[in-house]
$ cat work_5.txt   # compact mmCIF, C-alpha atoms and all ligand atoms
# COMPACT_ATOMS: atom_id res chain seq x y z
CA MET A 1 14.85 -11.53 -45.30
CA THR A 2 14.05 -9.18 -42.44
CA ALA A 3 15.98 -5.97 -41.89
CA PRO A 4 17.95 -5.85 -38.67
CA VAL A 5 16.03 -4.04 -35.94
CA ALA A 6 17.98 -1.17 -34.37
CA GLU A 7 18.41 -1.91 -30.71
CA ARG A 8 16.71 0.49 -28.36
CA PRO A 9 19.27 2.31 -26.23
CA TYR A 10 19.09 1.47 -22.56
CA VAL A 11 21.13 4.44 -21.33
CA THR A 12 20.21 8.07 -22.04
CA ALA A 13 22.61 10.11 -24.16
CA ASN A 14 23.31 12.77 -21.54
CA ILE A 15 23.83 10.42 -18.62
CA ALA A 16 27.19 12.00 -17.72
CA GLN A 17 25.65 15.39 -17.02
CA ASN A 18 22.40 14.06 -15.61
CA SER A 19 24.03 11.73 -13.08
CA GLN A 20 25.09 14.74 -10.99
CA ILE A 21 21.61 14.69 -9.45
CA LEU A 22 22.34 11.35 -7.76
CA ALA A 23 25.36 12.79 -5.98
CA ASP A 24 22.98 15.09 -4.12
CA ASP A 25 21.81 13.49 -0.86
CA ALA A 26 18.89 15.91 -0.54
CA PHE A 27 17.71 14.81 -3.95
CA LEU A 28 17.96 11.16 -2.99
CA ASN A 29 15.98 11.81 0.17
CA GLN A 30 13.35 13.54 -1.92
CA LEU A 31 13.23 10.55 -4.27
CA MET A 32 12.91 8.12 -1.39
CA SER A 33 10.04 10.14 0.07
CA ALA A 34 8.29 9.95 -3.32
CA THR A 35 8.36 6.16 -3.31
CA GLU A 36 5.14 4.34 -4.15
CA ASN A 37 6.39 0.84 -3.43
CA VAL A 38 9.65 -1.00 -2.98
CA ARG A 39 10.49 -4.58 -3.86
CA ARG A 40 13.67 -6.46 -3.16
CA LEU A 41 15.34 -9.36 -4.83
CA GLU A 42 18.62 -11.22 -4.80
CA THR A 43 20.41 -12.22 -7.95
CA ARG A 44 23.82 -13.31 -9.13
CA LEU A 45 25.85 -11.13 -11.47
CA SER A 46 28.42 -12.98 -13.56
CA GLY A 47 30.58 -10.02 -14.57
CA THR A 48 29.90 -10.46 -18.27
CA HIS A 49 29.18 -7.66 -20.70
CA GLY A 50 25.50 -6.70 -21.08
CA GLN A 51 24.44 -7.90 -17.64
CA LEU A 52 23.07 -4.53 -16.53
CA ARG A 53 20.98 -4.22 -19.68
CA ASP A 54 19.61 -7.72 -19.09
CA LEU A 55 18.96 -6.98 -15.44
CA ILE A 56 17.04 -3.76 -16.19
CA ARG A 57 14.98 -5.63 -18.78
CA SER A 58 14.24 -8.51 -16.44
CA LEU A 59 12.98 -6.16 -13.73
CA GLY A 60 10.05 -5.00 -15.88
CA LEU A 61 10.68 -1.26 -15.62
CA GLU A 62 9.36 -0.30 -19.08
CA THR A 63 6.88 2.28 -17.81
CA GLY A 64 7.36 4.79 -15.05
CA PHE A 65 10.17 6.04 -12.86
CA TYR A 66 12.29 3.78 -10.69
CA LEU A 67 15.22 4.12 -8.37
CA VAL A 68 17.21 0.88 -8.38
CA LEU A 69 19.69 0.33 -5.54
CA VAL A 70 22.31 -2.37 -6.00
CA GLU A 71 24.50 -3.75 -3.19
CA LEU A 72 27.14 -6.23 -4.19
CA GLY A 73 30.37 -6.96 -2.35
CA ASN A 74 32.11 -3.62 -1.93
CA ILE A 75 29.97 -1.91 -4.59
CA SER A 76 26.95 0.20 -3.78
CA ALA A 77 25.10 1.72 -6.73
CA ARG A 78 22.06 3.91 -7.45
CA ILE A 79 20.40 3.88 -10.82
CA LEU A 80 17.52 6.01 -12.02
CA VAL A 81 15.38 4.39 -14.71
CA HIS A 82 12.68 6.06 -16.77
CA ASN A 83 10.56 3.94 -19.12
CA GLY A 84 13.23 1.23 -19.19
CA ILE A 85 16.10 3.65 -19.91
CA ILE A 86 18.82 4.52 -17.42
CA THR A 87 18.84 8.31 -16.99
CA ALA A 88 21.38 8.57 -14.15
CA ALA A 89 23.78 6.24 -12.37
CA GLU A 90 26.25 6.46 -9.54
CA ALA A 91 28.36 3.82 -7.84
CA ALA A 92 30.62 3.81 -4.80
CA VAL A 93 33.47 1.30 -4.70
CA GLU A 94 35.48 1.29 -1.50
CA GLY A 95 34.73 4.96 -0.92
CA GLN A 96 35.51 5.96 -4.48
CA ARG A 97 32.64 7.44 -6.49
CA LEU A 98 31.96 6.59 -10.11
CA SER A 99 29.38 8.63 -11.95
CA GLY A 100 27.37 8.25 -15.17
CA PRO A 101 29.01 6.13 -17.89
CA ASN A 102 31.74 4.90 -15.52
CA ALA A 103 29.17 3.58 -13.07
CA VAL A 104 27.21 1.92 -15.90
CA LYS A 105 30.38 0.32 -17.25
CA LEU A 106 31.30 -1.09 -13.86
CA LEU A 107 27.86 -2.64 -13.42
CA ASP A 108 27.49 -3.76 -17.01
CA ASP A 109 30.94 -5.33 -17.48
CA GLU A 110 32.75 -6.02 -14.27
CA ALA A 111 30.63 -6.37 -11.14
CA SER A 112 30.20 -10.00 -10.14
CA GLY A 113 28.78 -11.93 -7.22
CA GLU A 114 25.61 -12.09 -5.18
CA ALA A 115 23.69 -8.83 -5.46
CA VAL A 116 20.86 -7.47 -3.37
CA ILE A 117 18.61 -5.20 -5.41
CA ALA A 118 15.92 -2.84 -4.20
CA ILE A 119 13.55 -1.37 -6.77
CA ALA A 120 11.58 1.68 -5.68
CA ARG A 121 8.79 2.90 -7.90
CA LEU A 122 8.66 6.69 -7.77
CA ARG A 123 5.66 8.97 -7.90
CA PRO A 124 5.78 10.95 -11.14
CA TYR A 125 4.98 14.25 -9.41
CA LEU A 126 5.98 16.28 -6.37
CA TYR A 127 2.40 17.08 -5.34
CA GLN A 128 -0.90 17.64 -7.03
CA TRP A 129 -3.47 20.37 -6.91
CA SER A 130 -6.24 19.40 -4.53
CA PRO A 131 -9.68 20.88 -3.73
CA LYS A 132 -8.17 22.00 -0.39
CA MET A 133 -6.26 24.60 -2.43
CA THR A 134 -9.32 26.29 -3.88
CA VAL A 135 -9.65 30.08 -3.66
CA TYR A 136 -13.28 29.84 -4.83
CA VAL A 137 -12.51 31.55 -8.14
CA LYS A 138 -12.54 29.06 -10.97
CA GLY A 139 -10.21 31.00 -13.27
CA ILE A 140 -7.59 31.43 -10.54
CA ASP A 141 -7.85 27.77 -9.51
CA LEU A 142 -7.13 26.84 -13.13
CA GLN A 143 -4.03 29.06 -13.10
CA HIS A 144 -2.87 27.41 -9.87
CA ARG A 145 -3.30 23.99 -11.44
CA GLN A 146 -1.15 25.18 -14.33
CA LEU A 147 1.60 26.34 -11.93
CA VAL A 148 1.55 22.99 -10.10
CA ARG A 149 1.71 21.20 -13.46
CA ALA A 150 4.77 23.27 -14.49
CA VAL A 151 6.59 22.44 -11.24
CA ASN A 152 5.87 18.72 -11.72
CA ASN A 153 6.99 18.96 -15.31
CA LEU A 154 10.30 20.44 -14.16
CA TYR A 155 10.75 17.60 -11.65
CA LEU A 156 9.93 14.90 -14.20
CA SER A 157 12.17 16.44 -16.82
CA LEU A 158 15.02 16.49 -14.35
CA LEU A 159 14.45 12.82 -13.45
CA SER A 160 14.11 11.68 -17.03
CA GLY A 161 17.39 13.27 -18.08
CA LYS A 162 15.95 15.90 -20.40
CA PRO A 163 18.56 18.23 -21.90
CA ARG A 164 19.23 21.64 -20.44
CA SER A 165 17.32 23.40 -23.25
CA VAL A 166 14.13 21.60 -22.19
CA LEU A 167 14.62 22.51 -18.52
CA GLN A 168 15.31 26.11 -19.55
CA GLY A 169 12.05 26.17 -21.54
CA ILE A 170 10.01 24.94 -18.58
CA LEU A 171 11.72 27.42 -16.28
CA ASP A 172 10.94 30.25 -18.73
CA PHE A 173 7.32 29.16 -18.90
CA LEU A 174 7.08 28.98 -15.11
CA ALA A 175 8.60 32.45 -14.65
CA GLU A 176 6.43 34.06 -17.33
CA TYR A 177 3.26 32.32 -16.27
CA THR A 178 3.87 33.32 -12.66
CA VAL A 179 4.04 37.00 -13.65
CA PHE A 180 0.80 36.65 -15.64
CA HIS A 181 -0.89 34.84 -12.75
CA PHE A 182 0.21 37.38 -10.12
CA ARG A 183 -1.15 40.17 -12.31
CA SER A 184 -4.51 38.40 -12.52
CA GLU A 185 -4.68 38.12 -8.74
CA GLU A 186 -3.61 41.72 -8.16
CA ARG A 187 -6.26 43.01 -10.58
CA PHE A 188 -8.79 41.04 -8.60
CA PHE A 189 -7.60 42.67 -5.35
CA GLU A 190 -8.04 46.15 -6.85
CA LYS A 191 -11.46 45.37 -8.20
CA HIS A 192 -12.76 44.14 -4.86
CA GLY A 193 -10.70 46.27 -2.45
CA TYR A 194 -8.96 43.34 -0.72
CA PRO A 195 -7.44 44.86 2.46
CA ARG A 196 -4.20 42.82 2.56
CA ALA A 197 -3.30 43.48 -1.09
CA GLU A 198 -0.09 45.39 -0.36
CA GLN A 199 1.49 42.63 1.74
CA HIS A 200 0.39 40.04 -0.81
CA ARG A 201 1.89 42.04 -3.69
CA LEU A 202 5.16 42.18 -1.80
CA GLU A 203 5.24 38.36 -1.53
CA HIS A 204 4.63 38.14 -5.27
CA ARG A 205 7.40 40.63 -6.01
CA LYS A 206 9.97 38.77 -3.89
CA PHE A 207 9.17 35.48 -5.63
CA VAL A 208 9.43 37.04 -9.09
CA GLU A 209 12.83 38.52 -8.18
CA ARG A 210 14.07 35.12 -6.99
CA ILE A 211 12.86 33.13 -10.00
CA GLU A 212 14.09 35.79 -12.46
CA ASP A 213 17.50 35.84 -10.83
CA PHE A 214 17.71 32.05 -10.99
CA ARG A 215 16.56 31.74 -14.58
CA MET A 216 19.13 34.32 -15.74
CA LYS A 217 21.90 32.47 -13.89
CA TYR A 218 20.67 29.18 -15.35
CA ARG A 219 20.68 30.66 -18.84
CA THR A 220 24.30 31.79 -18.54
CA GLY A 221 25.39 28.49 -16.98
CA GLU A 222 26.18 30.12 -13.64
CA ALA A 223 23.55 28.01 -11.83
CA ARG A 224 22.48 24.39 -12.01
CA LEU A 225 18.98 23.14 -11.38
CA ASN A 226 19.32 21.17 -8.17
CA ILE A 227 16.83 19.80 -5.70
CA ASP A 228 17.11 22.85 -3.43
CA MET A 229 15.94 25.19 -6.17
CA LEU A 230 13.29 22.78 -7.36
CA MET A 231 11.92 22.34 -3.83
CA PHE A 232 12.07 26.08 -3.19
CA LEU A 233 9.85 26.67 -6.24
CA ALA A 234 7.51 23.78 -5.42
CA ASP A 235 7.18 24.60 -1.71
CA TRP A 236 6.79 28.33 -2.28
CA ILE A 237 3.96 27.86 -4.76
CA ARG A 238 2.10 25.38 -2.56
CA GLY A 239 2.72 27.41 0.62
CA HIS A 240 1.65 30.68 -0.97
CA ILE A 241 -1.58 29.19 -2.33
CA MET A 242 -2.43 27.47 0.96
CA LYS A 243 -1.83 30.57 3.09
CA SER A 244 -1.86 33.89 1.27
CA ASP A 245 -4.11 33.00 -1.68
CA LYS A 246 -6.56 31.15 0.55
CA ASP A 247 -6.69 34.29 2.69
CA TYR A 248 -8.11 36.41 -0.16
CA GLY A 249 -10.30 33.46 -1.22
CA GLU A 250 -11.90 33.30 2.22
CA TRP A 251 -12.19 37.09 2.31
CA LEU A 252 -13.96 37.15 -1.07
CA LYS A 253 -16.26 34.44 0.18
CA ARG A 254 -17.12 36.43 3.30
CA GLN A 255 -17.82 39.49 1.16
CA GLY A 256 -20.22 37.43 -0.88
CA VAL A 257 -18.19 38.15 -4.01
CA VAL A 258 -17.76 34.48 -4.86
CA LYS A 259 -20.09 31.58 -4.51
CA THR A 260 -18.76 28.44 -2.90
CA VAL A 261 -19.37 25.27 -4.78
FE FE B 1 -1.80 32.50 -6.66
FE FE B 2 -0.83 35.15 -4.70
$ encode --input "work_5.txt" --output "C-alpha cells" --more "lines below"
Ligand SMILES: [Fe+2]
Ligand SMILES: [Fe+2]
Amino acid sequence: MTAPVAERPYVTANIAQNSQILADDAFLNQLMSATENVRRLETRLSGTHGQLRDLIRSLGLETGFYLVLVELGNISARILVHNGIITAAEAAVEGQRLSGPNAVKLLDDEASGEAVIAIARLRPYLYQWSPKMTVYVKGIDLQHRQLVRAVNNLYLSLLSGKPRSVLQGILDFLAEYTVFHFRSEERFFEKHGYPRAEQHRLEHRKFVERIEDFRMKYRTGEARLNIDMLMFLADWIRGHIMKSDKDYGEWLKRQGVVKTV
C-alpha cells in the first residue's frame, strides 16, 4: 500500500498580502516591459472547482516567472505564477476588483465560458551588470555586481511572494552593503586625490539617507515596498555607476593608476 502523497500547494500562503502588487499599474507596466515572450491561447472554462489549478498545470509554468492574463466574459484577471505556484492574483468583474484569495476563488470555482489567455514569461531580473559598467578596478566592479544582485534579489523576492521578513533582510543587506561600498570608493578617492570627490561623496550621502529612511519606515510598517521604491533603488544604482563611478574610473585610467583590460 502506498502512502498518500501530499498535494503540492498551487497558491502561495501569503497571497492576500502579496496581491497588492498587482493593483499597482506602474508595477504591471514594469512586468510587461520585462517580458521575454508571450503566447496566447483560447480555452473553455466549465465553472467547476479546481479548474484554475488544472489550467495552471496544463500551461507548463513549473519553472520561472509568468504573468497570466485571463479575459472571459465580463471578467478580466491577472495572475502571477512562480515555479507553478500562484503568488498574486487580481480580477476585475464589471468594474469591481477582487484581490488575492477572492480572485483565485472566482477563477477556480465560478468563472465559465470561452476564455482568452495570454501567458507572458518574465525576465527574472531588472538588469544585469555589464562590462559597460566597469570602473577598471576589479574589486569595485565586484562590489557593483553585488549591489546589482541585491536589487534583483529584492525584485524576485517581491514577485515570488516572499514574506516581509525576507524582504526586510534583503533591504538591510542592501543598505549595509551600500555603506561599505561607498566607504571603499571614498578611500580610493583620498588615496589617489580624485578631484571630484566632494560632489561624489554628497551623492553617496543623499542615497544613504534615502535608503536608511525607507528601511526604518519599512521596519515599523509605515512604508510598503512598491515598484516606485524598487525602481528608485535600481535606477539610482545603475545611473550612479554609469555616470559618477565611471567618471572616477576614467580619471584613474587617465592618471595611469589602473590598467585597462
Ligand atoms: Fe559605486
Ligand atoms: Fe559612487
$ closest_atom_pairs --input "work_5.txt" --of "chain A" --to "ligand FE 2 (chain B)" --cutoff "12 Å" --atoms "only C-alpha atoms and all ligand atoms" --output "CSV"
residue,atom,partner,partner_atom,distance
A:Val135,CA,B:FE2,FE,10.2
A:Ile140,CA,B:FE2,FE,9.7
A:Asp141,CA,B:FE2,FE,11.3
A:Gln143,CA,B:FE2,FE,10.9
A:His144,CA,B:FE2,FE,9.5
A:Leu147,CA,B:FE2,FE,11.7
A:Thr178,CA,B:FE2,FE,9.4
A:Val179,CA,B:FE2,FE,10.4
A:Phe180,CA,B:FE2,FE,11.2
A:His181,CA,B:FE2,FE,8.1
A:Phe182,CA,B:FE2,FE,6.0
A:Arg183,CA,B:FE2,FE,9.1
A:Ser184,CA,B:FE2,FE,9.2
A:Glu185,CA,B:FE2,FE,6.3
A:Glu186,CA,B:FE2,FE,7.9
A:Arg187,CA,B:FE2,FE,11.2
A:Phe188,CA,B:FE2,FE,10.6
A:Phe189,CA,B:FE2,FE,10.1
A:Arg196,CA,B:FE2,FE,11.1
A:Ala197,CA,B:FE2,FE,9.4
A:Glu198,CA,B:FE2,FE,11.1
A:Gln199,CA,B:FE2,FE,10.1
A:His200,CA,B:FE2,FE,6.4
A:Arg201,CA,B:FE2,FE,7.5
A:Leu202,CA,B:FE2,FE,9.7
A:Glu203,CA,B:FE2,FE,7.6
A:His204,CA,B:FE2,FE,6.3
A:Arg205,CA,B:FE2,FE,10.0
A:Lys206,CA,B:FE2,FE,11.4
A:Phe207,CA,B:FE2,FE,10.0
A:Val208,CA,B:FE2,FE,11.3
A:Trp236,CA,B:FE2,FE,10.5
A:Ile237,CA,B:FE2,FE,8.7
A:Arg238,CA,B:FE2,FE,10.4
A:Gly239,CA,B:FE2,FE,10.0
A:His240,CA,B:FE2,FE,6.3
A:Ile241,CA,B:FE2,FE,6.5
A:Met242,CA,B:FE2,FE,9.7
A:Lys243,CA,B:FE2,FE,9.1
A:Ser244,CA,B:FE2,FE,6.2
A:Asp245,CA,B:FE2,FE,4.9
A:Lys246,CA,B:FE2,FE,8.7
A:Asp247,CA,B:FE2,FE,9.5
A:Tyr248,CA,B:FE2,FE,8.7
A:Gly249,CA,B:FE2,FE,10.2
$ atom_distance --input "work_5.txt" --atom1 "atom CA of His82 of chain A" --atom2 "atom CA of Arg123 of chain A"
11.7 Å
$ closest_residue --input "work_5.txt" --among "A:Leu22, A:Met231, A:Leu31, A:Ile86" --to "Leu55 of chain A" --atoms "all atoms listed in the file"
A:Ile86
$ residues_around --input "work_5.txt" --residues "Val104 of chain A" --least-positions-apart "3" --cutoff "10 Å" --atoms "all atoms listed in the file" --output "list in words"
Val11, Ile15, Leu52, Arg53, Ala77, Ile79, Ile86, Ala88, Ala89, Glu90, Ala91, Leu98, Ser99, Gly100, Pro101, Leu107, Asp108, Asp109 and Glu110 of chain A
$ closest_residue --input "work_5.txt" --among "A:Arg145, A:Arg224, A:Leu252, A:Ser58" --to "ligand FE 1 (chain B)" --atoms "all atoms listed in the file"
A:Arg145
$ atom_distance --input "work_5.txt" --atom1 "atom CA of Arg39 of chain A" --atom2 "atom CA of Ile117 of chain A"
8.3 Å
$ closest_residue --input "work_5.txt" --among "A:Asn83, A:Asp235, A:Leu69, A:Ala115" --to "Gly161 of chain A" --atoms "all atoms listed in the file"
A:Asn83
$ closest_residue --input "work_5.txt" --among "A:Leu159, A:Met133, A:Ala111, A:Val68" --to "Ile21 of chain A" --atoms "only C-alpha atoms"
A:Leu159
$ closest_residue --input "work_5.txt" --among "A:Val38, A:Val148, A:Ala120, A:Ala103" --to "ligand FE 1 (chain B)" --atoms "all atoms listed in the file"
A:Val148
$ closest_residue --input "work_5.txt" --among "A:Ile170, A:Leu230, A:Val258, A:Leu142" --to "ligand FE 1 (chain B)" --atoms "only C-alpha atoms and all ligand atoms"
A:Leu142
$ atom_distance --input "work_5.txt" --atom1 "atom CA of Gly113 of chain A" --atom2 "atom CA of Arg44 of chain A"
5.5 Å
$ residues_near_point --input "work_5.txt" --point "(16.4, 34.7, -14.4)" --cutoff "12 Å" --atoms "only C-alpha atoms" --output "mmCIF file with C-alpha atoms, keeping the file's coordinate frame"
data_model
loop_
_atom_site.group_PDB
_atom_site.id
_atom_site.type_symbol
_atom_site.label_atom_id
_atom_site.label_comp_id
_atom_site.auth_asym_id
_atom_site.auth_seq_id
_atom_site.Cartn_x
_atom_site.Cartn_y
_atom_site.Cartn_z
ATOM 1 C CA GLN A 168 15.310 26.110 -19.550
ATOM 2 C CA GLY A 169 12.050 26.170 -21.540
ATOM 3 C CA LEU A 171 11.720 27.420 -16.280
ATOM 4 C CA ASP A 172 10.940 30.250 -18.730
ATOM 5 C CA PHE A 173 7.320 29.160 -18.900
ATOM 6 C CA LEU A 174 7.080 28.980 -15.110
ATOM 7 C CA ALA A 175 8.600 32.450 -14.650
ATOM 8 C CA GLU A 176 6.430 34.060 -17.330
ATOM 9 C CA PHE A 207 9.170 35.480 -5.630
ATOM 10 C CA VAL A 208 9.430 37.040 -9.090
ATOM 11 C CA GLU A 209 12.830 38.520 -8.180
ATOM 12 C CA ARG A 210 14.070 35.120 -6.990
ATOM 13 C CA ILE A 211 12.860 33.130 -10.000
ATOM 14 C CA GLU A 212 14.090 35.790 -12.460
ATOM 15 C CA ASP A 213 17.500 35.840 -10.830
ATOM 16 C CA PHE A 214 17.710 32.050 -10.990
ATOM 17 C CA ARG A 215 16.560 31.740 -14.580
ATOM 18 C CA MET A 216 19.130 34.320 -15.740
ATOM 19 C CA LYS A 217 21.900 32.470 -13.890
ATOM 20 C CA TYR A 218 20.670 29.180 -15.350
ATOM 21 C CA ARG A 219 20.680 30.660 -18.840
ATOM 22 C CA THR A 220 24.300 31.790 -18.540
ATOM 23 C CA GLY A 221 25.390 28.490 -16.980
ATOM 24 C CA GLU A 222 26.180 30.120 -13.640
ATOM 25 C CA ALA A 223 23.550 28.010 -11.830
#
$ residues_around --input "work_5.txt" --residues "Asn37 of chain A" --least-positions-apart "6" --cutoff "9 Å" --atoms "all atoms listed in the file" --output "ChimeraX atom specification"
/A:119-122
$ residues_near_point --input "work_5.txt" --point "(0.0, 17.3, -7.4)" --cutoff "10 Å" --atoms "all atoms listed in the file" --output "compact mmCIF listing (two decimals) with C-alpha atoms, in the frame of the given file"
# COMPACT_ATOMS: atom_id res chain seq x y z
CA PRO A 124 5.78 10.95 -11.14
CA TYR A 125 4.98 14.25 -9.41
CA LEU A 126 5.98 16.28 -6.37
CA TYR A 127 2.40 17.08 -5.34
CA GLN A 128 -0.90 17.64 -7.03
CA TRP A 129 -3.47 20.37 -6.91
CA SER A 130 -6.24 19.40 -4.53
CA ARG A 145 -3.30 23.99 -11.44
CA VAL A 148 1.55 22.99 -10.10
CA ARG A 149 1.71 21.20 -13.46
CA VAL A 151 6.59 22.44 -11.24
CA ASN A 152 5.87 18.72 -11.72
CA ARG A 238 2.10 25.38 -2.56
$ residues_around --input "work_5.txt" --residues "Gly256 of chain A" --least-positions-apart "5" --cutoff "12 Å" --atoms "all atoms listed in the file" --output "PyMOL selection string"
chain A and resi 136+192+249-251
